[in-house]
>>> print(open('entry-v1.csv').read())   # CSV, C-alpha atoms and all ligand atoms
chain,number,residue,atom,x,y,z
E,966,MET,CA,108.7,83.7,118.5
E,967,LYS,CA,106.2,85.5,116.3
E,968,ASN,CA,106.0,89.2,116.7
E,969,ILE,CA,103.0,91.4,116.5
E,970,ALA,CA,103.0,95.2,115.9
E,971,ILE,CA,99.9,97.1,117.0
E,972,LEU,CA,98.9,100.3,115.2
E,973,ALA,CA,96.7,102.6,117.4
E,974,SER,CA,95.7,106.2,117.3
E,975,GLY,CA,93.7,106.7,120.5
E,976,SER,CA,93.2,105.5,124.1
E,977,GLY,CA,94.6,102.1,123.3
E,978,THR,CA,92.4,99.9,125.6
E,979,ASN,CA,92.4,97.1,122.9
E,980,ALA,CA,96.2,97.4,122.6
E,981,GLU,CA,96.6,97.1,126.3
E,982,ASN,CA,94.3,94.1,126.4
E,983,MET,CA,96.2,92.4,123.6
E,984,VAL,CA,99.6,93.0,125.3
E,985,ARG,CA,98.2,91.5,128.6
E,986,TYR,CA,96.7,88.5,126.7
E,987,PHE,CA,100.0,87.6,125.1
E,988,ALA,CA,102.3,88.5,128.1
E,989,ALA,CA,102.5,84.9,129.2
E,990,ASN,CA,102.7,83.4,125.7
E,991,LYS,CA,106.1,82.0,124.8
E,992,LEU,CA,105.4,81.8,121.0
E,993,ILE,CA,103.7,85.1,120.3
E,994,LYS,CA,104.3,88.6,121.7
E,995,VAL,CA,103.4,92.2,121.1
E,996,ALA,CA,106.8,93.5,120.1
E,997,VAL,CA,106.0,97.2,119.3
E,998,VAL,CA,103.3,99.7,119.0
E,999,LEU,CA,103.2,102.4,116.3
E,1000,SER,CA,100.9,105.5,116.5
E,1001,ASN,CA,100.2,108.6,114.4
E,1002,HIS,CA,99.6,110.6,117.6
E,1003,ALA,CA,102.4,111.4,120.1
E,1004,HIS,CA,99.9,112.1,122.9
E,1005,ALA,CA,97.7,109.1,122.3
E,1006,GLY,CA,96.8,107.2,125.5
E,1007,VAL,CA,98.1,104.0,124.0
E,1008,HIS,CA,101.7,105.0,124.6
E,1009,GLY,CA,101.4,105.1,128.4
E,1010,ARG,CA,99.3,102.0,128.5
E,1011,VAL,CA,101.7,99.8,126.6
E,1012,ASN,CA,105.0,101.4,127.9
E,1013,ALA,CA,103.8,100.6,131.4
E,1014,LEU,CA,103.7,96.9,130.4
E,1015,GLY,CA,107.2,97.1,128.9
E,1016,VAL,CA,106.2,97.4,125.2
E,1017,PRO,CA,108.0,100.2,123.2
E,1018,SER,CA,106.0,102.6,121.2
E,1019,PHE,CA,106.8,105.1,118.4
E,1020,THR,CA,105.0,107.9,116.7
E,1021,PHE,CA,105.1,108.5,113.0
E,1022,SER,CA,103.8,111.5,111.1
E,1023,LYS,CA,101.1,111.2,108.4
E,1024,GLU,CA,103.8,111.7,105.8
E,1025,ASP,CA,105.8,108.8,107.3
E,1026,PHE,CA,102.8,106.5,107.1
E,1027,ALA,CA,102.1,107.6,103.5
E,1028,ALA,CA,105.7,107.1,102.5
E,1029,ALA,CA,105.6,103.6,104.2
E,1030,THR,CA,109.4,103.1,104.2
E,1031,PRO,CA,110.0,104.5,107.8
E,1032,ILE,CA,107.2,102.2,109.0
E,1033,LEU,CA,108.5,99.2,107.1
E,1034,ASP,CA,112.0,99.8,108.5
E,1035,LYS,CA,110.6,99.9,112.1
E,1036,LEU,CA,108.6,96.7,111.5
E,1037,ALA,CA,111.6,95.0,110.1
E,1038,ALA,CA,113.7,96.2,113.1
E,1039,PHE,CA,111.3,94.4,115.4
E,1040,ALA,CA,111.0,91.3,113.1
E,1041,VAL,CA,107.3,91.8,112.9
E,1042,ASP,CA,105.3,89.0,111.5
E,1043,PHE,CA,101.8,90.4,111.8
E,1044,VAL,CA,100.1,93.8,112.1
E,1045,VAL,CA,97.1,94.5,114.3
E,1046,LEU,CA,95.1,97.7,113.9
E,1047,ALA,CA,93.4,98.7,117.2
E,1048,GLY,CA,91.6,102.0,116.8
E,1049,PHE,CA,94.0,103.2,114.1
E,1050,MET,CA,92.6,106.1,112.2
E,1051,SER,CA,94.9,106.6,109.3
E,1052,LYS,CA,95.1,104.9,105.9
E,1053,ILE,CA,97.4,101.9,105.6
E,1054,PRO,CA,99.7,102.4,102.7
E,1055,ASP,CA,99.7,99.9,99.8
E,1056,ALA,CA,103.4,99.2,100.3
E,1057,LEU,CA,102.7,98.0,103.9
E,1058,LEU,CA,99.9,95.7,102.7
E,1059,ALA,CA,102.2,94.4,99.9
E,1060,ALA,CA,104.9,93.6,102.5
E,1061,PHE,CA,102.4,91.9,104.9
E,1062,PRO,CA,100.0,90.0,102.6
E,1063,GLU,CA,97.0,88.7,104.6
E,1064,ARG,CA,99.0,89.8,107.7
E,1065,VAL,CA,97.2,93.0,108.6
E,1066,VAL,CA,93.9,92.8,110.5
E,1067,ASN,CA,91.5,95.4,111.8
E,1068,ILE,CA,88.7,95.5,114.3
E,1069,HIS,CA,85.6,97.5,113.5
E,1070,PRO,CA,83.1,98.3,116.2
E,1071,ALA,CA,79.9,97.3,114.2
E,1072,LEU,CA,78.6,94.5,112.1
E,1073,LEU,CA,80.2,95.2,108.7
E,1074,PRO,CA,79.3,95.7,105.8
E,1075,LYS,CA,76.9,98.0,107.7
E,1076,PHE,CA,78.3,101.2,109.3
E,1077,GLY,CA,81.7,101.0,107.7
E,1078,GLY,CA,83.7,103.1,105.3
E,1079,LYS,CA,85.6,106.4,105.5
E,1080,GLY,CA,84.7,108.5,108.5
E,1081,MET,CA,83.1,105.6,110.3
E,1082,TYR,CA,85.2,105.1,113.4
E,1083,GLY,CA,84.8,105.1,117.2
E,1084,HIS,CA,81.8,107.1,118.3
E,1085,HIS,CA,80.7,108.0,114.8
E,1086,VAL,CA,79.9,104.3,114.3
E,1087,HIS,CA,77.8,104.0,117.5
E,1088,GLU,CA,76.0,107.2,116.8
E,1089,ALA,CA,75.1,105.9,113.3
E,1090,VAL,CA,73.9,102.5,114.7
E,1091,LEU,CA,71.6,104.3,117.2
E,1092,ALA,CA,70.3,106.8,114.6
E,1093,ALA,CA,69.4,103.9,112.3
E,1094,GLY,CA,67.4,102.2,115.1
E,1095,GLU,CA,69.3,98.9,114.9
E,1096,SER,CA,68.4,96.3,117.4
E,1097,GLU,CA,71.9,94.8,117.4
E,1098,SER,CA,75.5,95.8,116.9
E,1099,GLY,CA,78.8,94.1,117.5
E,1100,ILE,CA,82.3,93.7,116.2
E,1101,THR,CA,83.9,92.7,112.9
E,1102,ILE,CA,87.5,91.5,112.6
E,1103,HIS,CA,88.7,91.5,109.0
E,1104,TYR,CA,91.8,91.6,106.8
E,1105,VAL,CA,92.8,95.0,105.7
E,1106,ASN,CA,92.9,95.8,102.1
E,1107,ALA,CA,93.2,99.1,100.1
E,1108,HIS,CA,89.6,100.1,100.9
E,1109,TYR,CA,88.3,101.1,104.3
E,1110,ASP,CA,86.5,98.2,106.1
E,1111,GLU,CA,86.2,96.0,103.0
E,1112,GLY,CA,88.7,93.2,103.5
E,1113,LYS,CA,87.7,89.6,104.0
E,1114,ILE,CA,85.7,89.2,107.2
E,1115,LEU,CA,87.3,86.7,109.6
E,1116,PHE,CA,85.0,86.9,112.7
E,1117,GLN,CA,81.9,88.7,113.9
E,1118,ALA,CA,80.1,88.8,117.2
E,1119,ALA,CA,76.9,90.6,118.0
E,1120,CYS,CA,75.4,92.3,121.1
E,1121,PRO,CA,72.0,93.9,121.6
E,1122,VAL,CA,71.3,97.6,121.2
E,1123,LEU,CA,69.1,98.6,124.2
E,1124,PRO,CA,66.3,101.2,124.0
E,1125,ASP,CA,68.0,103.6,126.4
E,1126,ASP,CA,71.5,103.2,124.9
E,1127,THR,CA,73.7,106.3,124.3
E,1128,PRO,CA,76.8,106.1,122.1
E,1129,ASP,CA,78.8,105.6,125.3
E,1130,THR,CA,76.9,102.7,126.7
E,1131,LEU,CA,76.8,101.0,123.4
E,1132,ALA,CA,80.6,101.6,123.0
E,1133,GLN,CA,81.2,100.0,126.4
E,1134,ARG,CA,79.2,96.9,125.4
E,1135,VAL,CA,81.0,96.6,122.0
E,1136,HIS,CA,84.4,97.1,123.8
E,1137,GLN,CA,83.7,94.1,126.0
E,1138,LEU,CA,83.2,92.0,122.8
E,1139,GLU,CA,86.5,93.4,121.4
E,1140,TYR,CA,88.4,92.5,124.6
E,1141,ALA,CA,86.9,89.0,124.7
E,1142,HIS,CA,87.6,88.1,121.0
E,1143,TYR,CA,90.3,90.2,119.3
E,1144,PRO,CA,93.4,88.6,121.0
E,1145,ARG,CA,91.9,85.1,120.7
E,1146,VAL,CA,91.2,85.6,116.9
E,1147,VAL,CA,94.7,87.1,116.4
E,1148,GLU,CA,96.2,84.1,118.3
E,1149,GLN,CA,94.4,81.6,116.0
E,1150,LEU,CA,95.6,83.4,112.9
E,1151,LEU,CA,99.2,83.6,114.0
E,1152,THR,CA,99.3,80.0,115.1
E,1153,LEU,CA,98.6,79.0,111.5
E,1154,LEU,CA,101.0,81.5,109.9
E,1155,PRO,CA,104.6,80.8,109.0
E,1156,PRO,CA,107.1,83.5,110.2
E,1157,LEU,CA,107.7,86.4,107.8
E,1158,HIS,CA,111.2,86.8,106.4
E,1159,HIS,CA,112.4,90.4,106.3
E,1160,LYS,CA,115.0,91.6,103.8
E,1161,GLY,CA,118.5,90.8,104.9
E,1162,GLU,CA,117.5,87.9,107.0
E,1201,LIG,C1,87.6,100.4,119.1
E,1201,LIG,O1,86.3,100.3,119.5
E,1201,LIG,C2,87.8,100.0,117.7
E,1201,LIG,O2,86.9,99.0,117.3
E,1201,LIG,C3,87.5,101.3,117.0
E,1201,LIG,O3,88.2,102.3,117.7
E,1201,LIG,C4,88.1,101.9,119.1
E,1201,LIG,C5,89.4,102.1,119.7
E,1201,LIG,O4,89.4,101.9,121.1
E,1201,LIG,N1,88.1,101.2,115.6
E,1201,LIG,C6,87.5,101.8,114.6
E,1201,LIG,O5,86.4,102.5,114.7
E,1201,LIG,C7,88.1,101.6,113.2
E,1201,LIG,N2,87.3,102.0,112.2
E,1201,LIG,P1,90.7,101.7,122.0
E,1201,LIG,O6,91.7,102.8,121.6
E,1201,LIG,O7,90.2,101.9,123.4
E,1201,LIG,O8,91.2,100.4,121.7
>>> encode(input="entry-v1.csv", output="structure tokens")
Amino acid sequence: MKNIAILASGSGTNAENMVRYFAANKLIKVAVVLSNHAHAGVHGRVNALGVPSFTFSKEDFAAATPILDKLAAFAVDFVVLAGFMSKIPDALLAAFPERVVNIHPALLPKFGGKGMYGHHVHEAVLAAGESESGITIHYVNAHYDEGKILFQAACPVLPDDTPDTLAQRVHQLEYAHYPRVVEQLLTLLPPLHHKGE
């Protein structure tokens, strides 16, 4: 069994979609969800599906050790960011080399970087008059939205779009592709050995 940890800060619709996708998979499962917000919607969504979730403070994330301990406790092999709005500490990236991926709700390298998340991204895409947007799945490195791109899919931006309608279209792409891309990556990946194993 390969274990995924999802890190999420908000509503958690991608996290829920990923849990559902892997529910029947005998080789891969979402073992645990970590958040930086105790009241984020993601907790209820995944707990209802039997996946435990935990909240860590900004300080815990920065220190990394509490996070690494939790990931080791669940024998996590791979980390999936799904609307996670906090910086990933270098120690976590070092412990999970090429094992941390993120989804960004636009076609990177456009509309990425610090402060570009959720609705801010869709607002910027509309303000720039783009005719298409989409999703980017990429490895996470020390710089926001700059890791190697693994997958992109595009959708049109329509003349009467609002940030909400564009977000809905982009979310549909996320649900269709993110679990599938994670599954492909994990299928190729050897298990990760944690200290003491
Ligand atoms: C998703 O659209 C994801 O791409 C975006 O946050 C949303 C979370 O939605 N992530 C970023 O903007 C990261 N820079 P969800 O909580 O419903 O899954």
>>> residues_near_ligand(input="entry-v1.csv", ligand="ligand LIG 1201 (chain E)", cutoff="6 Å", atoms="only C-alpha atoms and all ligand atoms", output="PyMOL selection string")
chain E and resi 975-980+1047-1048+1068-1070+1081-1083+1136
>>> closest_residue(input="entry-v1.csv", among="E:Ala1005, E:Ala1119, E:Leu1138, E:Leu1151", to="Asn982 in chain E", atoms="all atoms listed in the file")
E:Leu1138
>>> atom_distance(input="entry-v1.csv", atom1="CA of Lys994 in chain E", atom2="CA of Phe1061 in chain E")
17.2 Å
>>> atom_distance(input="entry-v1.csv", atom1="CA of Met983 in chain E", atom2="CA of Ile1114 in chain E")
19.7 Å
>>> residues_around(input="entry-v1.csv", residues="Asp1126 in chain E", least_positions_apart="6", cutoff="10 Å", atoms="all atoms listed in the file", output="list in words")
His1087, Leu1091, Ala1132 and Arg1134 of chain E
>>> write_last_selection(input="entry-v1.csv", atoms="C-alpha atoms", output="JSON list (two decimals), keeping the file's coordinate frame")
[["chain", "number", "residue", "atom", "x", "y", "z"],
["E", 1087, "HIS", "CA", 77.80, 104.00, 117.50],
["E", 1091, "LEU", "CA", 71.60, 104.30, 117.20],
["E", 1132, "ALA", "CA", 80.60, 101.60, 123.00],
["E", 1134, "ARG", "CA", 79.20, 96.90, 125.40]]
>>> closest_residue(input="entry-v1.csv", among="E:Val1146, E:Ala1013, E:Leu1131, E:Val1122", to="Ile1102 in chain E", atoms="only C-alpha atoms")
E:Val1146
>>> atom_distance(input="entry-v1.csv", atom1="CA of Pro1062 in chain E", atom2="CA of His1008 in chain E")
26.7 Å
>>> closest_residue(input="entry-v1.csv", among="E:Ala1037, E:Ala970, E:Leu1154, E:Leu1115", to="Ile1100 in chain E", atoms="only C-alpha atoms")
E:Leu1115
>>> residues_near_point(input="entry-v1.csv", point="(92.4, 85.3, 125.5)", cutoff="8 Å", atoms="only C-alpha atoms", output="PyMOL selection string")
chain E and resi 986-987+1141-1142+1144-1145
>>> residues_near_point(input="entry-v1.csv", point="(71.7, 99.2, 118.4)", cutoff="9 Å", atoms="all atoms listed in the file", output="CSV table (one decimal) with C-alpha atoms, in the frame of the given file")
chain,number,residue,atom,x,y,z
E,1087,HIS,CA,77.8,104.0,117.5
E,1090,VAL,CA,73.9,102.5,114.7
E,1091,LEU,CA,71.6,104.3,117.2
E,1092,ALA,CA,70.3,106.8,114.6
E,1093,ALA,CA,69.4,103.9,112.3
E,1094,GLY,CA,67.4,102.2,115.1
E,1095,GLU,CA,69.3,98.9,114.9
E,1096,SER,CA,68.4,96.3,117.4
E,1097,GLU,CA,71.9,94.8,117.4
E,1098,SER,CA,75.5,95.8,116.9
E,1099,GLY,CA,78.8,94.1,117.5
E,1120,CYS,CA,75.4,92.3,121.1
E,1121,PRO,CA,72.0,93.9,121.6
E,1122,VAL,CA,71.3,97.6,121.2
E,1123,LEU,CA,69.1,98.6,124.2
E,1124,PRO,CA,66.3,101.2,124.0
E,1126,ASP,CA,71.5,103.2,124.9
E,1131,LEU,CA,76.8,101.0,123.4
>>> closest_residue(input="entry-v1.csv", among="E:Phe1019, E:Phe1116, E:Phe1026, E:Tyr1143", to="Ala1056 in chain E", atoms="only C-alpha atoms")
E:Phe1026
>>> closest_residue(input="entry-v1.csv", among="E:Tyr1109, E:Val997, E:Pro1054, E:Phe1043", to="Asp1025 in chain E", atoms="all atoms listed in the file")
E:Pro1054
>>> closest_residue(input="entry-v1.csv", among="E:Arg1010, E:His1108, E:Lys967, E:His1159", to="Ile1053 in chain E", atoms="all atoms listed in the file")
E:His1108
>>> residues_around(input="entry-v1.csv", residues="Ser1022 in chain E", least_positions_apart="2", cutoff="9 Å", atoms="all atoms listed in the file", output="PyMOL selection string")
chain E and resi 1000-1002+1020+1024-1027
